[in-house]
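*Asks:* Here it is, the structure, as structure tokens.
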Amino acid sequence: MRGSMLAQQIVNGLMLGAIYMLMAVAFTLAIGVLNFLNFSLPGLFMLGGMVAYGFIKFGWPTLFAFAAALAVAALVSLLVERFAYRPMQGGDPEVPLVSSLGFLVLLENLMLIYFGSDQQAFPALVPDLNLRLGGLVIGIAQLGSLALSVLLVLWLSWFLSSTSTGRCIRTVAENRDTAVLMGIDTGRLVPMLFIASALLAAVAGLLFAVNYQQVSPFMGEGVGFKGVAAMIVGGMGSIWGAVLGGLLIGLAEVLSISFIGADVVNITVYGLLLVILILRPQGLLGRPATREKL
Amino acid sequence: MTAALSIQGLNKSFAGVRAITDLSFEVPKGVTTALIGPNGAGKTTVFNLVSGVYGVDAGTITANGVDITHMPSRKRISTGIARSFQNIRLMSHLTVLENMLVGQHVRNTSLRALLTPYRLFPNHRWKVEARAALAESGLEEWANETVGALPYGVRKRIDLVRATLAGASVLMLDEPAAGLNPSETNALRDHLKALMAKGITLLVVEHDMHFVDSICENVVVLNFGEKIAEGPLSQVRQNAKVREAYIGAEEV
Amino acid sequence: MSGYLTGVLVVLAFNVMAAYAVYLPLAAGQLNLGIAGFMAIGAYASAFLTNEYAWPMWAAIPVGAGLAGLTGLLIGIPVLRTHGIYLAMATFALGQVISALFLNLEVVGGAAGYPVSDYVGPNGVFLAAAAVVVLMLYLSRTRFALYLTAVKSDPTVADLLGVSVRGIQVAAFALGAAVAGFGGAFYAHHYNFVEAQHFNVLLSVFTVLYVLFGGTQTVWGPLVGAAFFTLAPELLRASDQWRYALFAVFIIVFMAIRPQGLVTTSLLRFARRKPAAESSEAA
Ligand SMILES: Nc1ncnc2c1ncn2[C@@H]1O[C@H](COP(=O)(O)OP(=O)(O)OP(=O)(O)O)[C@@H](O)[C@H]1O
Ligand SMILES: [Mg+2]
């Protein structure tokens, strides 16, 4: 009995981990390539869920509502690029971080004004079908989301390694100056990256809404911060690191809730992050930073 | 008499590429020495190894009789060896005077010095001393400017003055004359001669051979990280290897 | 003074203390996103000593601050080996862990919160904040402050000039933690109640926000930032719902226009020169 419960919790942990994984990949794109810890991403995650909820309530067909949510998130991300990222190039590194936090607060409060601060019930879109495998119960929505996240990440990793745009992005990640020397048009790449990370965050928000059937203006904070933790545990700038980190954090969270209690989640998750940062700051799959040249 | 700086069997490579190979030379006390060589020869790397920016792969470095090979970089300046930087490394958020005060740190390391509210006293001795050092180089007018916006030549000289404020007996100067106009170069020469007169030993990396000729007694020539010649400049000039190393580069 | 005004000023005093706790390490280039955790240590420690051991407040509060500083010192040593974003995240994680630990600590009430017996009035809080400001002004006149900026500006060269970069960083971090604990201890005794949920990420993050808004180049920045952030929302009271949204827009636009913050070195120098120039004109 205990064994099957453990297996069930592992499945739940992987599901939650898939959402953290998408968030971690979104953060890792921003950090690895642009060196920008973009705290507006939790806000874009929330927009993914809340805007879709709003349009469904309006009576839009579900798929249109989803598309609208993704489009809104992408547009807002371009504003973040314009106002939080672009003006700060060459200044203190903490300044764009603060401006992006400003966006998070703004988005949350706009949604708060419009929808109120309560949790809203997100309609059940997927029939409540369950797959039974031995003692395991796996929801169709769970399975679909997991598959979608994995496919998205696989596609992204293929895109970065096998297309010419992907190679340009990796050159920018290695060294911004070299990339400019090589004639790579960063003016076009940067907004693209902002859109890509916004879409990842918004998809994560949509999957969260569909799976847990609830949305609220503040839903981005907890998930977003754990996404950052996942990225760092795995190794900043590494997509597979983000995948590993996301799954680990998801498992750590679900297992500590079910075996110890809900109040200790922050201790295990952020304790794990702290230990990793002290023992192996570059994360599990990251490369260590090199000392500067004089 | 112990040498001001002694380097024995020094080796260093970066990611498998050799930057310094079996380098040995000495800078005797009071003998102004030049370290010259074509671009990329490894001159700055020698300074970085001596000041501890990088660890050595092999070899020993002795400053004023103290083995500093494995000493933490922070402690090396207290053995009496200070340096300037080829690419000028002033603290851009601080004023010129404040940069000088940081330069004095090694002579004021006590907790009491750390917590003395010197800024409350317009004529605190630290400031007086720093202003005097700036005045010697004709830089006092810049004292209260923030470093960031100053002209290149001014920053270059400030970098040098800051190095002198550590009270070191050995100064390593990385291309002090680079980018200076002729009158600035003359002022620099006078400044260095004044330092030599105070008994300070100079090790100078410099591409301007007239400048080297006018102040240095001994010259060490590096090429591809190896010493290819050593002696007075007039002698080194005749050396076939040196001529070969400089072919295509400037005239020696 | 009206009760309302006093209440606002007390909040201001707490924000000023928190601001300087963030400012100290930030002046050396280290972003501490876990300041609320250190406030929690000061608050709970001081409350525990007065409640359970009947310590007088004047002894319990400094011990609370000291414990927060000691934690900062012990944790700062390993954590400060990391830089930049890693350090920010490590302090962020630290803040989360500390507040979650108190949430689970039943001796201090756990999630239900912890009532505190001894009371400090508004004047005591004002005095505490004033003491912190005076200490910071004093430090800003010393080599310590000079080295903070030097370490932020160019740690490699500061090291080669003999400055103990790690020592300065750890000292700034631990001193900041102690200041946070000091403020936290007064918080506990002023409101007579502490709950772990209060010391959350947003408290840390907002503090960083107004310190950067005020500017970290001078010692006045955090004071101005804290004052602005405490008082401006009060003035925006009319549109209660909109005030945080408006405020966020303001921050974004402000940081885009003036990323170095409100109070800068050149601004202060300008302010100082002006009267001098006027008097020389008069002469
Ligand atoms: N941190 C480093 N990492 C990798 N390679 C390095 C590093 N520092 C120096 N090098 C290499 O070592 C060699 C010597 O460089 P160095 O800067 O010492 O030359 P230099 O003689 O000072 O030249 P210049 O006259 O141009 O200043 C060069 O090939 C350089 O690329
Ligand atoms: Mg060089």
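Chain identifiers are assigned as A, B, and so on, following the order in which chains appear in the structure tokens; residues are numbered from 1 within each chain, and ligands are numbered from 1 in order of appearance.
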Using only C-alpha atoms, find which residues of chain C lie within 6 Å of chain A and jot them down as a list in words.

*Replies:* Val79, Ala90, Ala93, Val97, Ala100, Ala245, Ala248, Ile252 and Ala256 of chain C

*Asks:* Out of segment 51-199 of chain A, which residues get alpha helix (DSSP H) from DSSP, as a short mmCIF file (atom, residue, chain, number, x, y, z; two decimals) with N, CA, C and O atoms, in the first residue's frame?

*Replies:*
```cif
data_model
loop_
_atom_site.label_atom_id
_atom_site.label_comp_id
_atom_site.auth_asym_id
_atom_site.auth_seq_id
_atom_site.Cartn_x
_atom_site.Cartn_y
_atom_site.Cartn_z
N VAL A 51 -6.01 35.32 -17.97
CA VAL A 51 -6.60 35.87 -19.20
C VAL A 51 -7.44 34.79 -19.89
O VAL A 51 -8.55 35.07 -20.35
N ALA A 52 -6.94 33.56 -19.89
CA ALA A 52 -7.72 32.47 -20.48
C ALA A 52 -9.03 32.33 -19.71
O ALA A 52 -10.12 32.22 -20.31
N TYR A 53 -8.94 32.39 -18.39
CA TYR A 53 -10.14 32.30 -17.56
C TYR A 53 -11.13 33.39 -17.92
O TYR A 53 -12.33 33.15 -18.11
N GLY A 54 -10.61 34.64 -18.04
CA GLY A 54 -11.47 35.78 -18.35
C GLY A 54 -12.18 35.60 -19.68
O GLY A 54 -13.40 35.80 -19.77
N PHE A 55 -11.46 35.17 -20.70
CA PHE A 55 -12.08 35.04 -22.02
C PHE A 55 -13.06 33.87 -22.07
O PHE A 55 -14.08 33.94 -22.75
N ILE A 56 -12.76 32.82 -21.32
CA ILE A 56 -13.71 31.71 -21.28
C ILE A 56 -15.00 32.18 -20.62
O ILE A 56 -16.11 31.88 -21.06
N LYS A 57 -14.84 32.99 -19.58
CA LYS A 57 -16.02 33.52 -18.89
C LYS A 57 -16.83 34.42 -19.82
O LYS A 57 -18.05 34.49 -19.75
N PHE A 58 -16.14 35.14 -20.69
CA PHE A 58 -16.78 35.96 -21.71
C PHE A 58 -17.58 35.13 -22.69
O PHE A 58 -18.34 35.67 -23.48
N THR A 62 -12.78 27.79 -26.06
CA THR A 62 -11.60 27.54 -25.24
C THR A 62 -10.28 27.80 -25.97
O THR A 62 -9.40 28.48 -25.46
N LEU A 63 -10.19 27.30 -27.19
CA LEU A 63 -8.90 27.44 -27.87
C LEU A 63 -8.58 28.89 -28.17
O LEU A 63 -7.44 29.32 -28.06
N PHE A 64 -9.62 29.68 -28.54
CA PHE A 64 -9.40 31.11 -28.77
C PHE A 64 -8.94 31.78 -27.49
O PHE A 64 -8.06 32.63 -27.49
N ALA A 65 -9.58 31.40 -26.41
CA ALA A 65 -9.22 31.99 -25.12
C ALA A 65 -7.76 31.70 -24.81
O ALA A 65 -7.01 32.57 -24.35
N PHE A 66 -7.33 30.46 -25.07
CA PHE A 66 -5.93 30.09 -24.82
C PHE A 66 -5.01 30.92 -25.69
O PHE A 66 -4.01 31.48 -25.22
N ALA A 67 -5.35 31.03 -26.98
CA ALA A 67 -4.50 31.77 -27.90
C ALA A 67 -4.41 33.23 -27.46
O ALA A 67 -3.34 33.85 -27.48
N ALA A 68 -5.56 33.78 -27.03
CA ALA A 68 -5.56 35.18 -26.59
C ALA A 68 -4.65 35.34 -25.38
O ALA A 68 -3.89 36.30 -25.28
N ALA A 69 -4.70 34.39 -24.45
CA ALA A 69 -3.87 34.47 -23.25
C ALA A 69 -2.39 34.47 -23.64
O ALA A 69 -1.59 35.27 -23.12
N LEU A 70 -2.02 33.59 -24.56
CA LEU A 70 -0.61 33.53 -24.98
C LEU A 70 -0.20 34.84 -25.65
O LEU A 70 0.87 35.37 -25.41
N ALA A 71 -1.11 35.38 -26.49
CA ALA A 71 -0.78 36.61 -27.21
C ALA A 71 -0.61 37.77 -26.23
O ALA A 71 0.33 38.57 -26.34
N VAL A 72 -1.49 37.85 -25.23
CA VAL A 72 -1.38 38.93 -24.24
C VAL A 72 -0.04 38.82 -23.52
O VAL A 72 0.68 39.80 -23.35
N ALA A 73 0.31 37.60 -23.11
CA ALA A 73 1.57 37.41 -22.39
C ALA A 73 2.75 37.85 -23.25
O ALA A 73 3.66 38.54 -22.78
N ALA A 74 2.72 37.49 -24.55
CA ALA A 74 3.83 37.86 -25.43
C ALA A 74 3.93 39.37 -25.57
O ALA A 74 5.02 39.95 -25.51
N LEU A 75 2.79 40.03 -25.70
CA LEU A 75 2.79 41.49 -25.84
C LEU A 75 3.34 42.17 -24.59
O LEU A 75 4.18 43.07 -24.67
N VAL A 76 2.86 41.70 -23.44
CA VAL A 76 3.34 42.30 -22.19
C VAL A 76 4.85 42.09 -22.08
O VAL A 76 5.59 42.98 -21.64
N SER A 77 5.32 40.93 -22.51
CA SER A 77 6.75 40.64 -22.42
C SER A 77 7.55 41.63 -23.27
O SER A 77 8.65 42.03 -22.90
N LEU A 78 7.00 42.05 -24.41
CA LEU A 78 7.69 43.04 -25.22
C LEU A 78 7.77 44.38 -24.48
O LEU A 78 8.76 45.10 -24.59
N LEU A 79 6.71 44.68 -23.72
CA LEU A 79 6.76 45.91 -22.91
C LEU A 79 7.85 45.80 -21.85
O LEU A 79 8.57 46.75 -21.57
N VAL A 80 7.98 44.60 -21.25
CA VAL A 80 9.02 44.39 -20.25
C VAL A 80 10.39 44.63 -20.90
O VAL A 80 11.25 45.31 -20.34
N GLU A 94 21.29 44.86 -10.62
CA GLU A 94 20.05 44.64 -9.88
C GLU A 94 18.91 45.54 -10.36
O GLU A 94 17.76 45.29 -10.04
N VAL A 95 19.21 46.55 -11.16
CA VAL A 95 18.16 47.48 -11.55
C VAL A 95 17.09 46.86 -12.46
O VAL A 95 15.90 46.99 -12.18
N PRO A 96 17.47 46.16 -13.54
CA PRO A 96 16.42 45.55 -14.35
C PRO A 96 15.60 44.53 -13.56
O PRO A 96 14.40 44.37 -13.80
N LEU A 97 16.24 43.89 -12.60
CA LEU A 97 15.52 42.94 -11.76
C LEU A 97 14.39 43.64 -11.02
O LEU A 97 13.26 43.15 -10.95
N VAL A 98 14.69 44.83 -10.49
CA VAL A 98 13.67 45.59 -9.77
C VAL A 98 12.55 46.03 -10.70
O VAL A 98 11.37 45.91 -10.37
N SER A 99 12.91 46.51 -11.89
CA SER A 99 11.87 46.94 -12.82
C SER A 99 10.98 45.78 -13.21
O SER A 99 9.77 45.93 -13.35
N SER A 100 11.58 44.61 -13.39
CA SER A 100 10.75 43.47 -13.78
C SER A 100 9.84 43.08 -12.62
O SER A 100 8.70 42.67 -12.83
N LEU A 101 10.31 43.26 -11.40
CA LEU A 101 9.44 43.05 -10.23
C LEU A 101 8.29 44.05 -10.25
O LEU A 101 7.16 43.73 -9.87
N GLY A 102 8.60 45.28 -10.69
CA GLY A 102 7.55 46.29 -10.83
C GLY A 102 6.45 45.78 -11.76
O GLY A 102 5.26 45.92 -11.46
N PHE A 103 6.84 45.12 -12.85
CA PHE A 103 5.86 44.55 -13.76
C PHE A 103 5.03 43.48 -13.08
O PHE A 103 3.81 43.38 -13.29
N LEU A 104 5.69 42.64 -12.27
CA LEU A 104 4.95 41.59 -11.56
C LEU A 104 3.87 42.22 -10.68
O LEU A 104 2.69 41.83 -10.73
N VAL A 105 4.27 43.23 -9.91
CA VAL A 105 3.31 43.88 -9.01
C VAL A 105 2.19 44.52 -9.82
O VAL A 105 1.01 44.43 -9.45
N LEU A 106 2.55 45.16 -10.93
CA LEU A 106 1.55 45.82 -11.76
C LEU A 106 0.53 44.82 -12.31
O LEU A 106 -0.68 45.00 -12.18
N LEU A 107 1.03 43.73 -12.87
CA LEU A 107 0.12 42.73 -13.47
C LEU A 107 -0.79 42.15 -12.40
O LEU A 107 -2.00 42.02 -12.61
N GLU A 108 -0.20 41.82 -11.25
CA GLU A 108 -1.01 41.23 -10.18
C GLU A 108 -2.11 42.19 -9.76
O GLU A 108 -3.27 41.79 -9.58
N ASN A 109 -1.78 43.46 -9.62
CA ASN A 109 -2.78 44.40 -9.13
C ASN A 109 -3.82 44.74 -10.17
O ASN A 109 -4.98 44.98 -9.82
N LEU A 110 -3.44 44.74 -11.44
CA LEU A 110 -4.44 44.95 -12.48
C LEU A 110 -5.46 43.82 -12.46
O LEU A 110 -6.67 44.04 -12.54
N MET A 111 -4.97 42.59 -12.32
CA MET A 111 -5.88 41.44 -12.28
C MET A 111 -6.73 41.49 -11.02
O MET A 111 -7.91 41.14 -11.02
N LEU A 112 -6.10 41.98 -9.95
CA LEU A 112 -6.81 42.10 -8.67
C LEU A 112 -7.97 43.08 -8.81
O LEU A 112 -9.09 42.83 -8.34
N ILE A 113 -7.72 44.22 -9.48
CA ILE A 113 -8.76 45.22 -9.66
C ILE A 113 -9.90 44.62 -10.48
O ILE A 113 -11.07 44.83 -10.19
N TYR A 114 -9.55 43.84 -11.47
CA TYR A 114 -10.56 43.33 -12.38
C TYR A 114 -11.31 42.12 -11.82
O TYR A 114 -12.53 42.03 -11.92
N PHE A 115 -10.58 41.18 -11.22
CA PHE A 115 -11.21 39.91 -10.82
C PHE A 115 -11.36 39.75 -9.32
O PHE A 115 -11.97 38.79 -8.86
N ILE A 140 -6.04 12.17 -17.32
CA ILE A 140 -5.74 12.44 -18.72
C ILE A 140 -5.09 13.82 -18.85
O ILE A 140 -4.12 14.01 -19.58
N ALA A 141 -5.62 14.79 -18.10
CA ALA A 141 -5.07 16.14 -18.17
C ALA A 141 -3.61 16.13 -17.73
O ALA A 141 -2.75 16.74 -18.36
N GLN A 142 -3.36 15.39 -16.65
CA GLN A 142 -1.98 15.27 -16.14
C GLN A 142 -1.07 14.75 -17.22
O GLN A 142 -0.01 15.30 -17.50
N LEU A 143 -1.51 13.66 -17.82
CA LEU A 143 -0.67 12.99 -18.81
C LEU A 143 -0.43 13.90 -20.00
O LEU A 143 0.69 14.04 -20.48
N GLY A 144 -1.52 14.55 -20.46
CA GLY A 144 -1.41 15.44 -21.61
C GLY A 144 -0.45 16.59 -21.32
O GLY A 144 0.40 16.94 -22.14
N SER A 145 -0.57 17.17 -20.12
CA SER A 145 0.29 18.30 -19.78
C SER A 145 1.74 17.89 -19.73
O SER A 145 2.63 18.59 -20.23
N LEU A 146 1.96 16.73 -19.10
CA LEU A 146 3.32 16.23 -18.99
C LEU A 146 3.92 16.05 -20.38
O LEU A 146 5.03 16.50 -20.67
N ALA A 147 3.13 15.42 -21.25
CA ALA A 147 3.61 15.16 -22.60
C ALA A 147 3.88 16.47 -23.33
O ALA A 147 4.92 16.64 -23.98
N LEU A 148 2.96 17.42 -23.18
CA LEU A 148 3.12 18.70 -23.87
C LEU A 148 4.38 19.42 -23.40
O LEU A 148 5.17 19.93 -24.21
N SER A 149 4.61 19.43 -22.06
CA SER A 149 5.81 20.11 -21.54
C SER A 149 7.06 19.46 -22.08
O SER A 149 7.99 20.15 -22.52
N VAL A 150 7.08 18.14 -22.05
CA VAL A 150 8.29 17.45 -22.50
C VAL A 150 8.53 17.73 -23.98
O VAL A 150 9.65 18.04 -24.40
N LEU A 151 7.45 17.69 -24.78
CA LEU A 151 7.60 17.95 -26.21
C LEU A 151 8.12 19.36 -26.46
O LEU A 151 9.01 19.58 -27.29
N LEU A 152 7.58 20.32 -25.70
CA LEU A 152 7.98 21.71 -25.86
C LEU A 152 9.48 21.87 -25.60
O LEU A 152 10.20 22.53 -26.34
N VAL A 153 9.92 21.23 -24.51
CA VAL A 153 11.33 21.36 -24.15
C VAL A 153 12.22 20.64 -25.17
O VAL A 153 13.27 21.16 -25.57
N LEU A 154 11.78 19.48 -25.61
CA LEU A 154 12.54 18.75 -26.63
C LEU A 154 12.67 19.59 -27.89
O LEU A 154 13.75 19.72 -28.47
N TRP A 155 11.53 20.20 -28.27
CA TRP A 155 11.55 21.02 -29.48
C TRP A 155 12.52 22.19 -29.31
O TRP A 155 13.30 22.50 -30.20
N LEU A 156 12.46 22.84 -28.14
CA LEU A 156 13.32 23.99 -27.89
C LEU A 156 14.78 23.60 -27.96
O LEU A 156 15.61 24.28 -28.57
N SER A 157 15.09 22.46 -27.36
CA SER A 157 16.48 22.03 -27.36
C SER A 157 16.94 21.68 -28.77
O SER A 157 18.05 22.00 -29.17
N TRP A 158 16.03 21.09 -29.56
CA TRP A 158 16.36 20.82 -30.96
C TRP A 158 16.56 22.14 -31.71
O TRP A 158 17.52 22.32 -32.44
N PHE A 159 15.66 23.10 -31.44
CA PHE A 159 15.72 24.39 -32.13
C PHE A 159 17.06 25.08 -31.86
O PHE A 159 17.70 25.60 -32.77
N LEU A 160 17.47 25.06 -30.59
CA LEU A 160 18.71 25.76 -30.23
C LEU A 160 19.93 25.09 -30.84
O LEU A 160 20.90 25.76 -31.18
N SER A 161 19.88 23.76 -30.97
CA SER A 161 21.10 23.10 -31.44
C SER A 161 21.11 22.93 -32.95
O SER A 161 22.18 22.78 -33.53
N SER A 162 19.97 22.96 -33.62
CA SER A 162 19.97 22.56 -35.02
C SER A 162 19.54 23.63 -36.02
O SER A 162 19.64 23.41 -37.22
N SER A 164 19.69 27.72 -37.55
CA SER A 164 20.68 28.79 -37.58
C SER A 164 20.33 29.85 -36.54
O SER A 164 21.20 30.40 -35.87
N THR A 165 19.03 30.14 -36.37
CA THR A 165 18.63 31.09 -35.33
C THR A 165 19.08 30.58 -33.96
O THR A 165 19.59 31.33 -33.13
N GLY A 166 18.90 29.28 -33.76
CA GLY A 166 19.30 28.67 -32.49
C GLY A 166 20.79 28.85 -32.25
O GLY A 166 21.21 29.20 -31.14
N ARG A 167 21.56 28.66 -33.30
CA ARG A 167 23.02 28.82 -33.15
C ARG A 167 23.37 30.28 -32.84
O ARG A 167 24.27 30.55 -32.05
N CYS A 168 22.64 31.22 -33.48
CA CYS A 168 22.88 32.63 -33.17
C CYS A 168 22.62 32.88 -31.69
O CYS A 168 23.39 33.55 -31.00
N ILE A 169 21.52 32.33 -31.18
CA ILE A 169 21.17 32.54 -29.78
C ILE A 169 22.27 31.99 -28.88
O ILE A 169 22.69 32.63 -27.91
N ARG A 170 22.80 30.82 -29.25
CA ARG A 170 23.85 30.26 -28.40
C ARG A 170 25.13 31.09 -28.46
O ARG A 170 25.85 31.20 -27.47
N THR A 171 25.40 31.70 -29.62
CA THR A 171 26.58 32.57 -29.70
C THR A 171 26.40 33.78 -28.78
O THR A 171 27.31 34.18 -28.07
N VAL A 172 25.19 34.35 -28.81
CA VAL A 172 24.93 35.50 -27.94
C VAL A 172 25.10 35.08 -26.48
O VAL A 172 25.67 35.81 -25.66
N ALA A 173 24.64 33.86 -26.16
CA ALA A 173 24.76 33.38 -24.78
C ALA A 173 26.23 33.23 -24.37
O ALA A 173 26.61 33.57 -23.27
N GLU A 174 27.06 32.75 -25.30
CA GLU A 174 28.48 32.58 -25.00
C GLU A 174 29.13 33.94 -24.75
O GLU A 174 29.83 34.14 -23.77
N ARG A 176 28.29 38.14 -25.80
CA ARG A 176 27.51 39.16 -26.49
C ARG A 176 28.36 39.92 -27.51
O ARG A 176 27.94 40.16 -28.64
N ASP A 177 29.59 40.28 -27.10
CA ASP A 177 30.43 41.10 -27.97
C ASP A 177 30.84 40.33 -29.22
O ASP A 177 30.80 40.86 -30.34
N THR A 178 31.25 39.07 -29.02
CA THR A 178 31.62 38.25 -30.17
C THR A 178 30.45 38.16 -31.14
O THR A 178 30.63 38.26 -32.35
N ALA A 179 29.26 37.95 -30.57
CA ALA A 179 28.08 37.79 -31.43
C ALA A 179 27.88 39.03 -32.29
O ALA A 179 27.62 38.92 -33.48
N VAL A 180 28.03 40.21 -31.67
CA VAL A 180 27.85 41.45 -32.43
C VAL A 180 28.94 41.55 -33.52
O VAL A 180 28.66 41.90 -34.66
N LEU A 181 30.18 41.17 -33.16
CA LEU A 181 31.26 41.18 -34.14
C LEU A 181 30.96 40.27 -35.32
O LEU A 181 31.31 40.55 -36.45
N THR A 186 21.41 41.40 -32.75
CA THR A 186 20.81 41.18 -31.42
C THR A 186 19.53 42.00 -31.26
O THR A 186 18.67 41.64 -30.49
N GLY A 187 19.42 43.09 -32.01
CA GLY A 187 18.22 43.91 -31.93
C GLY A 187 16.96 43.13 -32.28
O GLY A 187 15.87 43.46 -31.83
N ARG A 188 17.12 42.08 -33.07
CA ARG A 188 15.96 41.28 -33.46
C ARG A 188 15.83 40.05 -32.56
O ARG A 188 14.74 39.61 -32.23
N LEU A 189 17.00 39.52 -32.14
CA LEU A 189 16.98 38.30 -31.33
C LEU A 189 16.40 38.54 -29.94
O LEU A 189 15.66 37.72 -29.42
N VAL A 190 16.75 39.70 -29.36
CA VAL A 190 16.34 39.94 -27.98
C VAL A 190 14.82 39.93 -27.81
O VAL A 190 14.30 39.19 -26.96
N PRO A 191 14.08 40.71 -28.61
CA PRO A 191 12.62 40.64 -28.47
C PRO A 191 12.08 39.23 -28.70
O PRO A 191 11.14 38.79 -28.03
N MET A 192 12.73 38.50 -29.62
CA MET A 192 12.27 37.13 -29.88
C MET A 192 12.41 36.27 -28.63
O MET A 192 11.53 35.47 -28.31
N LEU A 193 13.54 36.46 -27.94
CA LEU A 193 13.75 35.68 -26.72
C LEU A 193 12.73 36.05 -25.65
O LEU A 193 12.26 35.19 -24.90
N PHE A 194 12.41 37.34 -25.59
CA PHE A 194 11.41 37.75 -24.61
C PHE A 194 10.07 37.09 -24.92
O PHE A 194 9.36 36.64 -24.01
N ILE A 195 9.73 37.03 -26.21
CA ILE A 195 8.47 36.38 -26.57
C ILE A 195 8.52 34.90 -26.23
O ILE A 195 7.59 34.35 -25.63
N ALA A 196 9.65 34.26 -26.55
CA ALA A 196 9.75 32.82 -26.31
C ALA A 196 9.61 32.51 -24.81
O ALA A 196 8.85 31.61 -24.42
N SER A 197 10.30 33.28 -23.97
CA SER A 197 10.20 32.96 -22.54
C SER A 197 8.81 33.28 -22.02
O SER A 197 8.28 32.57 -21.17
N ALA A 198 8.18 34.34 -22.57
CA ALA A 198 6.82 34.66 -22.14
C ALA A 198 5.86 33.53 -22.51
O ALA A 198 4.99 33.15 -21.72
N LEU A 199 6.02 32.97 -23.72
CA LEU A 199 5.13 31.89 -24.14
C LEU A 199 5.30 30.67 -23.24
O LEU A 199 4.33 30.04 -22.84
#
```

*Asks:* Could you list the protein, DNA and RNA residues that have any atom within 7 Å of ligand 2, counting only C-alpha atoms and all ligand atoms, and write them as a PDB file with N, CA and C atoms, in the first residue's frame?

*Replies:*
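New file selection.pdb:
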```pdb
ATOM      1  N   GLY B  40      51.539  40.333 -26.832  1.00  0.00           N
ATOM      2  CA  GLY B  40      51.203  38.947 -26.527  1.00  0.00           C
ATOM      3  C   GLY B  40      52.378  38.125 -26.051  1.00  0.00           C
ATOM      4  N   GLY B  42      53.708  38.051 -23.134  1.00  0.00           N
ATOM      5  CA  GLY B  42      53.494  37.527 -21.790  1.00  0.00           C
ATOM      6  C   GLY B  42      53.895  38.493 -20.689  1.00  0.00           C
ATOM      7  N   LYS B  43      54.111  39.756 -21.037  1.00  0.00           N
ATOM      8  CA  LYS B  43      54.588  40.735 -20.055  1.00  0.00           C
ATOM      9  C   LYS B  43      53.549  40.970 -18.953  1.00  0.00           C
ATOM     10  N   THR B  44      52.318  41.250 -19.382  1.00  0.00           N
ATOM     11  CA  THR B  44      51.269  41.486 -18.392  1.00  0.00           C
ATOM     12  C   THR B  44      51.034  40.229 -17.565  1.00  0.00           C
ATOM     13  N   GLN B  86      47.694  47.970 -17.089  1.00  0.00           N
ATOM     14  CA  GLN B  86      47.761  48.368 -18.491  1.00  0.00           C
ATOM     15  C   GLN B  86      46.450  49.007 -18.941  1.00  0.00           C
ATOM     16  N   ASP B 174      52.736  48.850 -15.827  1.00  0.00           N
ATOM     17  CA  ASP B 174      52.392  48.200 -17.090  1.00  0.00           C
ATOM     18  C   ASP B 174      52.069  49.261 -18.143  1.00  0.00           C
TER      19      ASP B 174
END
```

*Asks:* Check the DSSP output for the backbone and give back, as a VMD selection string, the residues of segment 26-60 of chain B in strand (DSSP E or B).

*Replies:* chain B and resid 26 to 27 33 to 36 58 to 60

*Asks:* Keeping only N, CA and C atoms, write the selected residues as a tab-separated table (two decimals), in the first residue's frame.

*Replies:*
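The new file result-v5.tsv reads:
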```
chain	number	residue	atom	x	y	z
B	26	GLU	N	66.04	38.54	-12.44
B	26	GLU	CA	66.05	39.25	-11.16
B	26	GLU	C	66.00	40.75	-11.39
B	27	VAL	N	65.36	41.42	-10.46
B	27	VAL	CA	65.41	42.87	-10.46
B	27	VAL	C	66.16	43.28	-9.19
B	33	THR	N	64.42	48.34	-14.22
B	33	THR	CA	64.46	47.27	-15.21
B	33	THR	C	63.26	47.39	-16.14
B	34	ALA	N	63.48	47.10	-17.42
B	34	ALA	CA	62.36	47.09	-18.36
B	34	ALA	C	62.06	45.65	-18.75
B	35	LEU	N	60.78	45.36	-18.90
B	35	LEU	CA	60.36	44.06	-19.41
B	35	LEU	C	59.72	44.37	-20.75
B	36	ILE	N	60.37	43.95	-21.85
B	36	ILE	CA	59.83	44.30	-23.16
B	36	ILE	C	59.60	43.05	-23.99
B	58	ALA	N	54.37	26.47	-12.17
B	58	ALA	CA	55.63	26.05	-11.54
B	58	ALA	C	56.51	27.26	-11.39
B	59	GLY	N	57.51	27.16	-10.50
B	59	GLY	CA	58.45	28.25	-10.32
B	59	GLY	C	58.24	28.97	-8.99
B	60	THR	N	59.19	29.88	-8.67
B	60	THR	CA	59.04	30.64	-7.43
B	60	THR	C	59.20	32.12	-7.71
```

*Asks:* Output the contact residues of chain B with respect to chain A at a cut-off of 10 Å, based on only C-alpha atoms, as a PyMOL selection string.

*Replies:* chain B and resi 44-45+48+53-54+85-89

*Asks:* Report, in Å with one decimal, the straight-line distance from atom CA of Asp159 of chain C to atom CA of Val106 of chain B.

*Replies:* 10.6 Å

*Asks:* Please identify every residue of chain C that has at least one atom no more than 10 Å from any atom of chain B, counting only C-alpha atoms, and report them as a ChimeraX atom specification.

*Replies:* /C:137-147,149-165,217,265-266,269
